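Enquirer: One file is attached below, run_12.txt, containing compact mmCIF, C-alpha atoms (C1' of nucleotides).
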# COMPACT_ATOMS: atom_id res chain seq x y z
CA MET A 22 -10.45 -1.71 -33.77
CA SER A 23 -11.28 -5.30 -32.93
CA ILE A 24 -7.73 -6.55 -33.35
CA TYR A 25 -6.62 -4.26 -30.49
CA ILE A 26 -9.19 -5.70 -28.14
CA GLU A 27 -8.08 -9.19 -29.05
CA LYS A 28 -4.43 -8.35 -28.65
CA ASN A 29 -5.05 -6.70 -25.32
CA ARG A 30 -6.98 -9.73 -24.10
CA LYS A 31 -4.24 -12.07 -25.23
CA THR A 32 -1.51 -10.13 -23.47
CA LYS A 33 -3.54 -10.07 -20.27
CA GLU A 34 -4.14 -13.78 -20.54
CA LEU A 35 -0.44 -14.35 -21.19
CA ILE A 36 0.47 -12.49 -18.03
CA GLN A 37 -1.99 -14.53 -15.97
CA LYS A 38 -0.78 -17.79 -17.48
CA SER A 39 2.89 -16.98 -16.94
CA PHE A 40 2.15 -15.95 -13.38
CA LEU A 41 0.36 -19.20 -12.57
CA GLN A 42 3.22 -21.12 -14.11
CA ILE A 43 5.71 -19.45 -11.77
CA LEU A 44 3.38 -19.86 -8.80
CA GLU A 45 3.75 -23.63 -9.09
CA ASN A 46 7.39 -23.41 -8.07
CA LYS A 47 7.63 -20.16 -6.13
CA ARG A 48 5.70 -18.54 -3.27
CA PHE A 49 3.48 -15.63 -4.19
CA GLU A 50 5.30 -13.39 -1.72
CA SER A 51 8.64 -13.75 -3.47
CA ILE A 52 7.47 -13.50 -7.07
CA THR A 53 8.39 -10.17 -8.67
CA ILE A 54 6.78 -8.38 -11.60
CA GLY A 55 10.09 -8.93 -13.38
CA ASP A 56 9.80 -12.69 -12.96
CA ILE A 57 6.40 -12.64 -14.61
CA THR A 58 7.24 -10.40 -17.54
CA LYS A 59 10.44 -12.33 -18.19
CA ILE A 60 8.49 -15.57 -18.62
CA ALA A 61 5.78 -13.81 -20.63
CA GLN A 62 8.51 -12.15 -22.70
CA ILE A 63 6.98 -8.70 -22.49
CA ASN A 64 8.23 -5.41 -21.12
CA ARG A 65 7.81 -4.88 -17.42
CA GLY A 66 5.92 -1.67 -18.07
CA THR A 67 3.31 -3.57 -20.05
CA PHE A 68 2.30 -5.38 -16.91
CA TYR A 69 1.08 -2.12 -15.39
CA LEU A 70 -1.21 -1.47 -18.34
CA HIS A 71 -3.21 -4.52 -17.37
CA PHE A 72 -2.89 -4.71 -13.59
CA ILE A 73 -2.32 -2.27 -10.73
CA ASP A 74 0.16 -4.57 -9.02
CA LYS A 75 0.66 -8.26 -8.35
CA PHE A 76 -2.06 -8.26 -5.71
CA ASP A 77 -4.55 -7.00 -8.27
CA LEU A 78 -3.38 -9.76 -10.61
CA LEU A 79 -4.10 -12.43 -8.02
CA ASP A 80 -7.41 -10.82 -7.04
CA GLN A 81 -8.62 -10.91 -10.64
CA ILE A 82 -7.59 -14.55 -11.11
CA GLU A 83 -9.26 -15.45 -7.82
CA GLN A 84 -12.45 -13.65 -8.80
CA GLN A 85 -12.55 -15.38 -12.18
CA LEU A 86 -12.02 -18.73 -10.48
CA PHE A 87 -14.90 -18.20 -8.05
CA THR A 88 -17.20 -17.13 -10.88
CA GLU A 89 -16.28 -20.13 -12.99
CA ILE A 90 -16.64 -22.59 -10.13
CA GLY A 91 -19.95 -21.03 -9.11
CA ASN A 92 -21.32 -21.32 -12.62
CA HIS A 93 -20.18 -24.92 -12.90
CA ILE A 94 -21.88 -25.84 -9.66
CA ASP A 95 -25.12 -24.13 -10.68
CA GLU A 96 -25.04 -25.86 -14.03
CA LEU A 97 -24.46 -29.33 -12.64
CA GLN A 98 -27.05 -28.78 -9.93
CA SER A 99 -29.72 -27.59 -12.36
CA ARG A 100 -29.48 -30.78 -14.38
CA TYR A 101 -30.71 -32.69 -11.37
CA SER A 102 -34.45 -33.01 -10.88
CA PHE A 103 -35.34 -32.17 -7.33
CA THR A 104 -37.69 -34.99 -6.52
CA HIS A 105 -35.30 -37.25 -4.68
CA ALA A 106 -34.97 -38.14 -1.04
CA PHE A 107 -33.04 -35.67 1.05
CA GLU A 108 -30.08 -37.98 1.53
CA LYS A 109 -29.85 -38.46 -2.21
CA GLU A 110 -29.83 -34.72 -2.72
CA GLN A 111 -27.04 -34.34 -0.21
CA GLU A 112 -25.08 -37.00 -1.98
CA HIS A 113 -25.67 -35.34 -5.31
CA LEU A 114 -24.52 -31.97 -4.01
CA ALA A 115 -21.38 -33.55 -2.58
CA ASN A 116 -20.68 -35.27 -5.87
CA THR A 117 -21.23 -32.03 -7.76
CA LEU A 118 -18.78 -30.21 -5.53
CA PHE A 119 -16.10 -32.89 -5.77
CA SER A 120 -16.48 -32.98 -9.55
CA VAL A 121 -16.10 -29.23 -9.91
CA ILE A 122 -13.14 -29.22 -7.54
CA GLU A 123 -11.46 -31.93 -9.56
CA LEU A 124 -11.95 -29.87 -12.70
CA HIS A 125 -10.26 -26.84 -11.18
CA SER A 126 -7.73 -28.76 -9.11
CA PRO A 127 -4.58 -27.41 -10.80
CA ILE A 128 -5.21 -23.84 -9.70
CA LEU A 129 -6.96 -24.73 -6.44
CA GLN A 130 -4.04 -26.86 -5.28
CA ILE A 131 -1.69 -23.92 -5.67
CA PHE A 132 -4.06 -21.37 -4.13
CA LEU A 133 -4.67 -23.54 -1.06
CA SER A 134 -0.97 -24.29 -0.58
CA ASP A 135 1.63 -22.09 1.09
CA HIS A 136 2.50 -20.74 -2.36
CA GLY A 137 -0.84 -18.98 -2.48
CA ARG A 138 -2.16 -15.98 -0.63
CA ALA A 139 -3.10 -15.80 3.04
CA GLY A 140 -6.80 -16.09 3.75
CA PHE A 141 -7.71 -17.84 0.52
CA HIS A 142 -9.21 -20.83 2.29
CA ILE A 143 -11.60 -18.53 4.15
CA ARG A 144 -12.73 -16.69 1.03
CA PHE A 145 -13.11 -20.01 -0.78
CA ARG A 146 -15.07 -21.51 2.09
CA ASP A 147 -17.40 -18.51 2.22
CA ALA A 148 -18.21 -18.96 -1.46
CA PHE A 149 -18.79 -22.63 -0.80
CA SER A 150 -21.01 -21.92 2.19
CA GLU A 151 -23.38 -19.91 0.08
CA LYS A 152 -24.06 -22.89 -2.22
CA VAL A 153 -24.54 -25.24 0.70
CA ARG A 154 -26.81 -22.79 2.51
CA ILE A 155 -29.14 -22.56 -0.45
CA ASN A 156 -29.29 -26.31 -0.65
CA LEU A 157 -29.95 -26.78 3.06
CA GLU A 158 -32.69 -24.19 3.18
CA LYS A 159 -34.65 -26.06 0.55
CA ASN A 160 -35.28 -28.48 3.40
CA GLU A 161 -38.19 -26.80 5.12
CA GLY A 162 -37.98 -26.69 8.87
CA PHE A 163 -34.24 -27.05 8.75
CA ASN A 164 -33.62 -23.87 10.69
CA ALA A 165 -36.15 -24.91 13.31
CA LYS A 166 -34.47 -28.26 13.93
CA LEU A 167 -31.01 -26.71 14.12
CA LYS A 168 -30.43 -25.34 17.57
CA VAL A 169 -27.10 -23.65 16.90
CA PRO A 170 -26.60 -20.47 14.83
CA LEU A 171 -26.64 -21.32 11.13
CA GLU A 172 -23.31 -19.60 10.47
CA TYR A 173 -21.56 -21.93 12.92
CA PHE A 174 -23.10 -25.04 11.38
CA LEU A 175 -22.16 -23.87 7.89
CA SER A 176 -18.59 -23.14 8.95
CA PHE A 177 -18.40 -26.56 10.54
CA ILE A 178 -19.65 -28.56 7.59
CA THR A 179 -18.01 -26.58 4.79
CA SER A 180 -14.65 -26.57 6.59
CA ALA A 181 -14.93 -30.32 7.06
CA PHE A 182 -15.62 -30.64 3.35
CA LEU A 183 -12.70 -28.41 2.50
CA GLY A 184 -10.54 -30.54 4.80
CA LEU A 185 -11.37 -33.61 2.72
CA ILE A 186 -10.47 -31.71 -0.43
CA GLU A 187 -7.13 -30.60 0.99
CA GLN A 188 -6.34 -34.16 2.03
CA TRP A 189 -7.36 -35.32 -1.43
CA PHE A 190 -4.89 -32.85 -2.94
CA GLN A 191 -2.19 -33.83 -0.45
CA ASN A 192 -2.62 -37.45 -1.56
CA GLY A 193 -2.09 -36.38 -5.14
CA LEU A 194 -5.72 -36.83 -6.22
CA ASP A 195 -5.55 -40.56 -5.49
CA LYS A 196 -9.33 -41.00 -5.87
CA THR A 197 -12.04 -40.13 -8.36
CA SER A 198 -14.72 -37.61 -7.43
CA GLN A 199 -17.14 -40.54 -7.16
CA GLU A 200 -14.88 -42.26 -4.67
CA MET A 201 -14.54 -39.03 -2.70
CA THR A 202 -18.32 -38.78 -2.52
CA SER A 203 -18.52 -42.32 -1.14
CA LEU A 204 -15.80 -41.51 1.33
CA TYR A 205 -17.75 -38.46 2.47
CA ILE A 206 -20.94 -40.49 2.90
CA ASP A 207 -19.02 -43.14 4.83
CA ILE A 208 -17.63 -40.57 7.24
CA ILE A 209 -21.08 -39.07 7.89
CA SER A 210 -22.48 -42.57 8.43
CA PHE A 211 -19.65 -43.40 10.80
CA ILE A 212 -20.29 -40.28 12.87
CA LYS A 213 -24.01 -41.11 12.97
CA ARG A 214 -23.64 -44.73 13.94
CA ASP A 215 -20.56 -45.23 16.06
CA LYS A 216 -19.09 -43.97 19.26
CA TRP A 217 -15.80 -42.28 18.51
CA MET B 28 27.93 -12.54 31.05
CA SER B 29 24.30 -13.16 32.00
CA ILE B 30 23.30 -9.55 31.43
CA TYR B 31 24.33 -9.88 27.76
CA ILE B 32 22.11 -12.92 27.28
CA GLU B 33 19.27 -11.04 28.92
CA LYS B 34 19.78 -7.97 26.78
CA ASN B 35 19.92 -10.06 23.64
CA ARG B 36 16.75 -11.91 24.59
CA LYS B 37 14.91 -8.66 25.35
CA THR B 38 15.80 -7.12 22.01
CA LYS B 39 14.70 -10.24 20.17
CA GLU B 40 11.42 -10.20 22.08
CA LEU B 41 10.99 -6.50 21.31
CA ILE B 42 11.36 -7.19 17.61
CA GLN B 43 8.78 -9.98 17.74
CA LYS B 44 6.36 -7.85 19.74
CA SER B 45 6.69 -4.86 17.44
CA PHE B 46 6.20 -7.07 14.42
CA LEU B 47 3.00 -8.61 15.80
CA GLN B 48 1.74 -5.15 16.61
CA ILE B 49 2.19 -4.06 13.00
CA LEU B 50 0.69 -7.31 11.72
CA GLU B 51 -2.63 -6.36 13.27
CA ASN B 52 -3.05 -3.51 10.80
CA LYS B 53 -0.88 -4.50 7.84
CA ARG B 54 -0.48 -7.63 5.69
CA PHE B 55 2.67 -9.65 6.28
CA GLU B 56 3.63 -9.29 2.62
CA SER B 57 3.83 -5.52 2.74
CA ILE B 58 5.58 -5.12 6.09
CA THR B 59 9.22 -4.02 5.71
CA ILE B 60 12.14 -4.54 8.07
CA GLY B 61 12.20 -0.75 8.35
CA ASP B 62 8.60 -0.73 9.62
CA ILE B 63 9.52 -3.16 12.36
CA THR B 64 12.72 -1.50 13.54
CA LYS B 65 11.04 1.91 13.50
CA ILE B 66 8.36 0.72 15.92
CA ALA B 67 10.91 -1.16 18.02
CA GLN B 68 13.12 1.95 17.97
CA ILE B 69 16.24 0.01 17.12
CA ASN B 70 18.68 0.19 14.26
CA ARG B 71 17.70 -1.67 11.13
CA GLY B 72 20.99 -3.56 11.21
CA THR B 73 20.16 -4.91 14.66
CA PHE B 74 17.27 -6.87 13.15
CA TYR B 75 19.74 -8.92 11.13
CA LEU B 76 21.67 -9.81 14.29
CA HIS B 77 18.62 -11.76 15.45
CA PHE B 78 16.84 -12.96 12.32
CA ILE B 79 17.83 -13.93 8.80
CA ASP B 80 14.87 -12.12 7.24
CA LYS B 81 11.22 -11.47 7.95
CA PHE B 82 10.27 -15.00 6.94
CA ASP B 83 12.61 -16.37 9.59
CA LEU B 84 10.99 -14.02 12.09
CA LEU B 85 7.53 -15.37 11.32
CA ASP B 86 8.76 -18.97 11.29
CA GLN B 87 10.20 -18.61 14.76
CA ILE B 88 7.05 -17.02 16.15
CA GLU B 89 4.94 -19.74 14.54
CA GLN B 90 7.15 -22.47 15.96
CA GLN B 91 7.01 -20.95 19.45
CA LEU B 92 3.24 -20.72 19.18
CA PHE B 93 2.85 -24.38 18.24
CA THR B 94 5.13 -25.46 21.08
CA GLU B 95 3.26 -23.35 23.60
CA ILE B 96 -0.16 -24.50 22.44
CA GLY B 97 0.98 -28.13 22.40
CA ASN B 98 2.28 -27.88 25.94
CA HIS B 99 -0.91 -26.23 27.13
CA ILE B 100 -3.05 -28.97 25.61
CA ASP B 101 -0.90 -31.71 27.14
CA GLU B 102 -1.06 -30.04 30.50
CA LEU B 103 -4.81 -29.58 30.54
CA GLN B 104 -5.35 -33.11 29.22
CA SER B 105 -3.09 -34.70 31.85
CA ARG B 106 -5.14 -33.21 34.66
CA TYR B 107 -8.09 -35.28 33.51
CA SER B 108 -8.41 -38.81 34.86
CA PHE B 109 -9.12 -41.18 32.03
CA THR B 110 -11.92 -43.21 33.53
CA HIS B 111 -14.85 -41.47 31.94
CA ALA B 112 -17.24 -42.52 29.24
CA PHE B 113 -15.99 -42.00 25.71
CA GLU B 114 -18.43 -39.19 24.99
CA LYS B 115 -17.25 -37.39 28.10
CA GLU B 116 -13.66 -37.73 27.00
CA GLN B 117 -14.52 -36.26 23.61
CA GLU B 118 -16.26 -33.39 25.30
CA HIS B 119 -13.31 -32.82 27.58
CA LEU B 120 -10.87 -32.78 24.66
CA ALA B 121 -13.06 -30.30 22.82
CA ASN B 122 -13.24 -28.09 25.86
CA THR B 123 -9.48 -28.28 26.31
CA LEU B 124 -8.92 -27.23 22.72
CA PHE B 125 -11.37 -24.33 22.86
CA SER B 126 -9.80 -23.13 26.12
CA VAL B 127 -6.29 -23.18 24.72
CA ILE B 128 -7.43 -21.46 21.55
CA GLU B 129 -9.11 -18.74 23.55
CA LEU B 130 -5.88 -18.20 25.48
CA HIS B 131 -3.87 -17.72 22.27
CA SER B 132 -6.62 -16.01 20.31
CA PRO B 133 -4.84 -12.66 19.78
CA ILE B 134 -2.05 -14.19 17.71
CA LEU B 135 -4.16 -16.96 16.18
CA GLN B 136 -6.71 -14.48 14.86
CA ILE B 137 -4.01 -12.63 12.98
CA PHE B 138 -2.25 -15.74 11.72
CA LEU B 139 -5.47 -17.23 10.37
CA SER B 140 -6.53 -13.97 8.71
CA ASP B 141 -5.38 -12.62 5.36
CA HIS B 142 -2.72 -10.63 7.21
CA GLY B 143 -0.92 -13.86 8.03
CA ARG B 144 1.05 -16.21 5.89
CA ALA B 145 -0.31 -18.61 3.28
CA GLY B 146 -0.66 -22.20 4.39
CA PHE B 147 -0.83 -21.45 8.10
CA HIS B 148 -4.21 -23.10 8.51
CA ILE B 149 -2.81 -26.34 7.11
CA ARG B 150 0.22 -26.36 9.38
CA PHE B 151 -2.00 -25.50 12.33
CA ARG B 152 -4.48 -28.21 11.46
CA ASP B 153 -1.71 -30.79 11.14
CA ALA B 154 -0.51 -29.97 14.65
CA PHE B 155 -4.09 -30.25 15.84
CA SER B 156 -4.61 -33.57 14.08
CA GLU B 157 -1.79 -35.12 16.00
CA LYS B 158 -3.44 -34.38 19.35
CA VAL B 159 -6.81 -35.67 18.14
CA ARG B 160 -5.27 -38.81 16.67
CA ILE B 161 -3.66 -39.74 19.96
CA ASN B 162 -6.97 -39.24 21.71
CA LEU B 163 -8.96 -41.28 19.18
CA GLU B 164 -6.54 -44.18 19.21
CA LYS B 165 -7.02 -44.60 22.93
CA ASN B 166 -10.39 -45.98 21.88
CA GLU B 167 -9.48 -49.56 21.05
CA GLY B 168 -11.02 -50.91 17.90
CA PHE B 169 -11.44 -47.41 16.51
CA ASN B 170 -9.42 -48.11 13.42
CA ALA B 171 -11.36 -51.31 12.79
CA LYS B 172 -14.73 -49.55 12.91
CA LEU B 173 -13.58 -46.73 10.67
CA LYS B 174 -13.85 -47.80 7.05
CA VAL B 175 -12.17 -44.77 5.49
CA PRO B 176 -8.45 -43.94 5.67
CA LEU B 177 -7.61 -42.35 9.00
CA GLU B 178 -5.94 -39.32 7.43
CA TYR B 179 -9.17 -38.41 5.65
CA PHE B 180 -11.24 -38.74 8.81
CA LEU B 181 -8.74 -36.64 10.75
CA SER B 182 -8.71 -33.95 8.08
CA PHE B 183 -12.49 -33.94 8.09
CA ILE B 184 -12.97 -33.58 11.81
CA THR B 185 -10.07 -31.24 12.58
CA SER B 186 -11.00 -28.95 9.70
CA ALA B 187 -14.57 -28.86 10.96
CA PHE B 188 -13.24 -27.92 14.37
CA LEU B 189 -11.01 -25.25 12.91
CA GLY B 190 -14.02 -23.95 10.99
CA LEU B 191 -15.87 -23.40 14.27
CA ILE B 192 -12.85 -21.59 15.67
CA GLU B 193 -12.61 -19.31 12.65
CA GLN B 194 -16.32 -18.51 12.91
CA TRP B 195 -15.83 -17.86 16.61
CA PHE B 196 -13.08 -15.37 15.77
CA GLN B 197 -15.17 -13.81 13.01
CA ASN B 198 -17.95 -13.23 15.55
CA GLY B 199 -15.49 -11.44 17.80
CA LEU B 200 -15.26 -14.23 20.40
CA ASP B 201 -18.93 -13.84 21.25
CA LYS B 202 -18.99 -17.02 23.33
CA THR B 203 -17.00 -18.58 26.17
CA SER B 204 -15.00 -21.75 25.52
CA GLN B 205 -17.63 -23.62 27.53
CA GLU B 206 -20.36 -22.34 25.25
CA MET B 207 -18.31 -23.30 22.20
CA THR B 208 -17.97 -26.82 23.56
CA SER B 209 -21.73 -27.04 23.98
CA LEU B 210 -22.21 -25.71 20.49
CA TYR B 211 -19.84 -28.36 19.16
CA ILE B 212 -21.70 -31.12 21.01
CA ASP B 213 -25.01 -29.79 19.69
CA ILE B 214 -23.78 -29.90 16.11
CA ILE B 215 -22.56 -33.49 16.45
CA SER B 216 -25.87 -34.46 18.01
CA PHE B 217 -27.77 -32.74 15.24
CA ILE B 218 -25.81 -34.61 12.58
CA LYS B 219 -26.42 -37.87 14.41
CA ARG B 220 -30.14 -37.40 14.94
CA ASP B 221 -31.63 -35.40 12.13
CA LYS B 222 -31.92 -35.49 8.41
CA TRP B 223 -30.24 -32.45 6.96
C1' DG C 22 42.76 -1.34 32.24
C1' DT C 23 41.95 -4.44 28.81
C1' DA C 24 39.24 -7.68 26.44
C1' DC C 25 34.59 -8.45 25.21
C1' DC C 26 29.77 -7.84 23.62
C1' DA C 27 25.42 -5.83 21.99
C1' DA C 28 23.72 -2.23 19.55
C1' DT C 29 24.32 1.78 16.48
C1' DA C 30 25.35 4.75 12.57
C1' DA C 31 26.36 5.31 7.97
C1' DA C 32 27.29 3.77 3.57
C1' DC C 33 26.99 0.24 -0.20
C1' DA C 34 25.58 -2.53 -4.26
C1' DA C 35 21.85 -5.12 -5.92
C1' DC C 36 17.41 -5.36 -6.95
C1' DA C 37 12.18 -4.17 -7.18
C1' DT C 38 8.77 -0.80 -7.88
C1' DG C 39 5.75 2.34 -10.32
C1' DT C 40 5.83 6.18 -13.75
C1' DT C 41 6.68 8.64 -17.98
C1' DG C 42 7.75 10.23 -22.52
C1' DA C 43 9.22 8.38 -26.82
C1' DA C 44 8.79 4.76 -30.29
C1' DA C 45 6.64 1.06 -32.85
C1' DA C 46 2.58 -1.18 -34.65
C1' DT C 47 -2.11 -0.97 -36.28
C1' DT C 48 -6.29 1.19 -38.08
C1' DC C 49 -8.79 3.87 -41.24
C1' DA C 50 -10.16 8.09 -43.91
C1' DG C 51 -9.24 10.35 -48.11
C1' DC D 17 -1.16 4.21 -51.00
C1' DT D 18 -0.33 7.66 -47.63
C1' DG D 19 -0.47 10.26 -43.56
C1' DA D 20 -2.89 11.18 -39.25
C1' DA D 21 -4.90 9.10 -35.19
C1' DT D 22 -4.97 5.49 -31.97
C1' DT D 23 -3.19 1.75 -29.26
C1' DT D 24 0.44 -1.06 -27.51
C1' DT D 25 5.09 -1.62 -26.22
C1' DC D 26 9.33 -0.21 -24.43
C1' DA D 27 13.71 1.93 -22.31
C1' DA D 28 15.00 4.93 -18.80
C1' DC D 29 14.24 7.25 -14.39
C1' DA D 30 13.51 8.27 -9.50
C1' DT D 31 12.43 6.07 -5.36
C1' DG D 32 12.48 2.63 -1.85
C1' DT D 33 13.87 -2.01 0.18
C1' DT D 34 17.19 -5.50 1.11
C1' DG D 35 21.08 -7.59 3.17
C1' DT D 36 25.99 -6.62 4.17
C1' DT D 37 29.88 -4.19 5.90
C1' DT D 38 32.93 -1.13 8.55
C1' DA D 39 33.83 1.87 12.22
C1' DT D 40 32.17 3.43 16.64
C1' DT D 41 29.69 3.83 21.22
C1' DG D 42 28.34 2.46 25.84
C1' DG D 43 28.47 -1.10 28.93
C1' DT D 44 30.17 -5.56 31.39
C1' DA D 45 33.54 -9.10 32.81
C1' DC D 46 37.76 -10.37 34.67
Take the structure in this file and express it as structure tokens.
Expert:
Amino acid sequence: MSIYIEKNRKTKELIQKSFLQILENKRFESITIGDITKIAQINRGTFYLHFIDKFDLLDQIEQQLFTEIGNHIDELQSRYSFTHAFEKEQEHLANTLFSVIELHSPILQIFLSDHGRAGFHIRFRDAFSEKVRINLEKNEGFNAKLKVPLEYFLSFITSAFLGLIEQWFQNGLDKTSQEMTSLYIDIISFIKRDKW
Amino acid sequence: MSIYIEKNRKTKELIQKSFLQILENKRFESITIGDITKIAQINRGTFYLHFIDKFDLLDQIEQQLFTEIGNHIDELQSRYSFTHAFEKEQEHLANTLFSVIELHSPILQIFLSDHGRAGFHIRFRDAFSEKVRINLEKNEGFNAKLKVPLEYFLSFITSAFLGLIEQWFQNGLDKTSQEMTSLYIDIISFIKRDKW
DNA sequence: GTACCAATAAACAACATGTTGAAAATTCAG
DNA sequence: CTGAATTTTCAACATGTTGTTTATTGGTAC
């Protein structure tokens, strides 16, 4: 019995892997089931035993990715004792996020590019927002001080963050996650201090 | 002769219009040429007299949109005499952008959604960045004060801006462009003043 | 009237899709 | 070890989409 489960899992994994491999060089829209099964060296019909269609395939990969990234963030965050100054906590959260992004950069780069699927950046940002919201709301009185609707502030700050990540990718990951954190802090400081 | 040009132009416009109409309810990926020509009530072959394929169709609409938006921004900006304080200029630019966005919101909402095409938000942001860059560099000494690479700062701030726009759309355009400008100013002020 | 042009209609091969029934591989009871 | 049951894989099929082509229609230009 168990060898079937294992085999099934392996085939499914093979399909996902082959698909991601093709996605590096070809837009999602123009990839066919045949392309995938040819690389995976399986029958085209086998594909349909594991996925409804290619949209389902991407959905499942996307869902896995969000789960993995979420878990990573939670793990890295939990290792941090919450007795630091608020600025330090912000810096730590930023560093956590950049680290996790770096870890998953191969897939994220593709998904955020024009080879990926429309709307990914919004779904990704929403997942991001949730983590940031939790962190911000630990700061008591935050909502009182903020005069604009929270959803707008979250969209603003998480999009800005995502913008840095996209630029980081566009520059071919030219910096470490530590350097990206510093860069982020520098930008916030610049906005706070200077006229621009 | 001129009536031929006119007829040709009208048919091309009809195709674009019909396509956008379908795009409101269906993802770009799953729209067929047949869908479009059925709505436009023309022969399927006629489509190919005007466009290479559906990707070409979207490319042309996207290009037109960027040109139109760019022209609108330039026009609104040029009406403003540049003798104001720097903060006022920033506010004016923001207001200009929100106004133009509002004007083109029907198409932009679709293009930024998951019905659109992957990578649109990056191409849109790049076009945006150019306008913001020109405005920022009017402030002499800006580059000297900024310690981080300009491209990162631009990505940061234009993505943040785009984030507000996306949230605005998501809330069903619940505010006027004036209110959005105020909201933007409030967020910048909040970041400057408060710990968060 | 003749040359010209946009749009149409119909047909085509090539390819992609999703389904199905048969075949091969694997497990396990006796 | 063997045969029945179960699971995975596959080849073939019907259907739909794509982009191209050829002949034809209804106008316009000169």
Enquirer: Which value, in Å to one decimal, gives the distance between atom CA of A:Met201 and atom CA of B:Glu118?
Expert: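 Calculated distance between atom CA of A:Met201 and atom CA of B:Glu118 is 28.6 Å.
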Enquirer: Taking all atoms listed in the file into account, find every residue of chain B that has an atom no more than 9 Å from chain A, and write it out as a ChimeraX atom specification.
Expert: /B:54,56,113-114,117,138-149,163,166,169,172-176,178-195,210-211,213-223
Enquirer: What residues in chain B lie within 10 Å of chain D, counting all atoms listed in the file, written as a list in words?
Expert: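 In the required form, that comes to Met28, Ser29, Ile30, Tyr31, Thr59, Ile60, Gly61, Gly72, Tyr75, Ile79 and Asp80 of chain B.
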Enquirer: Write the selection just made, keeping C-alpha atoms, as a JSON list (two decimals), keeping the file's coordinate frame?
Expert:
[["chain", "number", "residue", "atom", "x", "y", "z"],
["B", 28, "MET", "CA", 27.93, -12.54, 31.05],
["B", 29, "SER", "CA", 24.30, -13.16, 32.00],
["B", 30, "ILE", "CA", 23.30, -9.55, 31.43],
["B", 31, "TYR", "CA", 24.33, -9.88, 27.76],
["B", 59, "THR", "CA", 9.22, -4.02, 5.71],
["B", 60, "ILE", "CA", 12.14, -4.54, 8.07],
["B", 61, "GLY", "CA", 12.20, -0.75, 8.35],
["B", 72, "GLY", "CA", 20.99, -3.56, 11.21],
["B", 75, "TYR", "CA", 19.74, -8.92, 11.13],
["B", 79, "ILE", "CA", 17.83, -13.93, 8.80],
["B", 80, "ASP", "CA", 14.87, -12.12, 7.24]]
Enquirer: Return as JSON lines the residues of chain C lying at most 8 Å from chain B, together with the closest atom-to-atom pair for each and the distance in Å to one decimal, counting all atoms listed in the file, with rows in chain order and ascending residue number.
Expert:
{"residue": "C:DC26", "atom": "C1'", "partner": "B:Tyr31", "partner_atom": "CA", "distance": 7.1}
{"residue": "C:DA27", "atom": "C1'", "partner": "B:Asn35", "partner_atom": "CA", "distance": 7.1}
{"residue": "C:DA28", "atom": "C1'", "partner": "B:Thr73", "partner_atom": "CA", "distance": 6.6}
{"residue": "C:DT29", "atom": "C1'", "partner": "B:Asn70", "partner_atom": "CA", "distance": 6.3}
Enquirer: Residues at most 9 Å from stretch 80-92 of chain A, counting all atoms listed in the file, excluding those fewer than 6 positions away in the same chain, as a count of residues only?
Expert: 13
Enquirer: What is the distance between atom CA of A:Lys38 and atom CA of A:Ser120, in Å to one decimal?
Expert: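 Result for atom CA of A:Lys38 versus atom CA of A:Ser120: 23.2 Å, one decimal.
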Enquirer: Considering all atoms listed in the file, return as a short mmCIF file (atom, residue, chain, number, x, y, z; two decimals) with C-alpha atoms, in the frame of the given file whatever protein or nucleic-acid residues lie within 10 Å of A:Leu97, sequence-local ones (same chain, fewer than 3 positions apart) excluded.
Expert:
data_model
loop_
_atom_site.label_atom_id
_atom_site.label_comp_id
_atom_site.auth_asym_id
_atom_site.auth_seq_id
_atom_site.Cartn_x
_atom_site.Cartn_y
_atom_site.Cartn_z
CA ASN A 92 -21.32 -21.32 -12.62
CA HIS A 93 -20.18 -24.92 -12.90
CA ILE A 94 -21.88 -25.84 -9.66
CA ARG A 100 -29.48 -30.78 -14.38
CA TYR A 101 -30.71 -32.69 -11.37
CA HIS A 113 -25.67 -35.34 -5.31
CA LEU A 114 -24.52 -31.97 -4.01
CA ASN A 116 -20.68 -35.27 -5.87
CA THR A 117 -21.23 -32.03 -7.76
CA LEU A 118 -18.78 -30.21 -5.53
CA SER A 120 -16.48 -32.98 -9.55
CA VAL A 121 -16.10 -29.23 -9.91
#
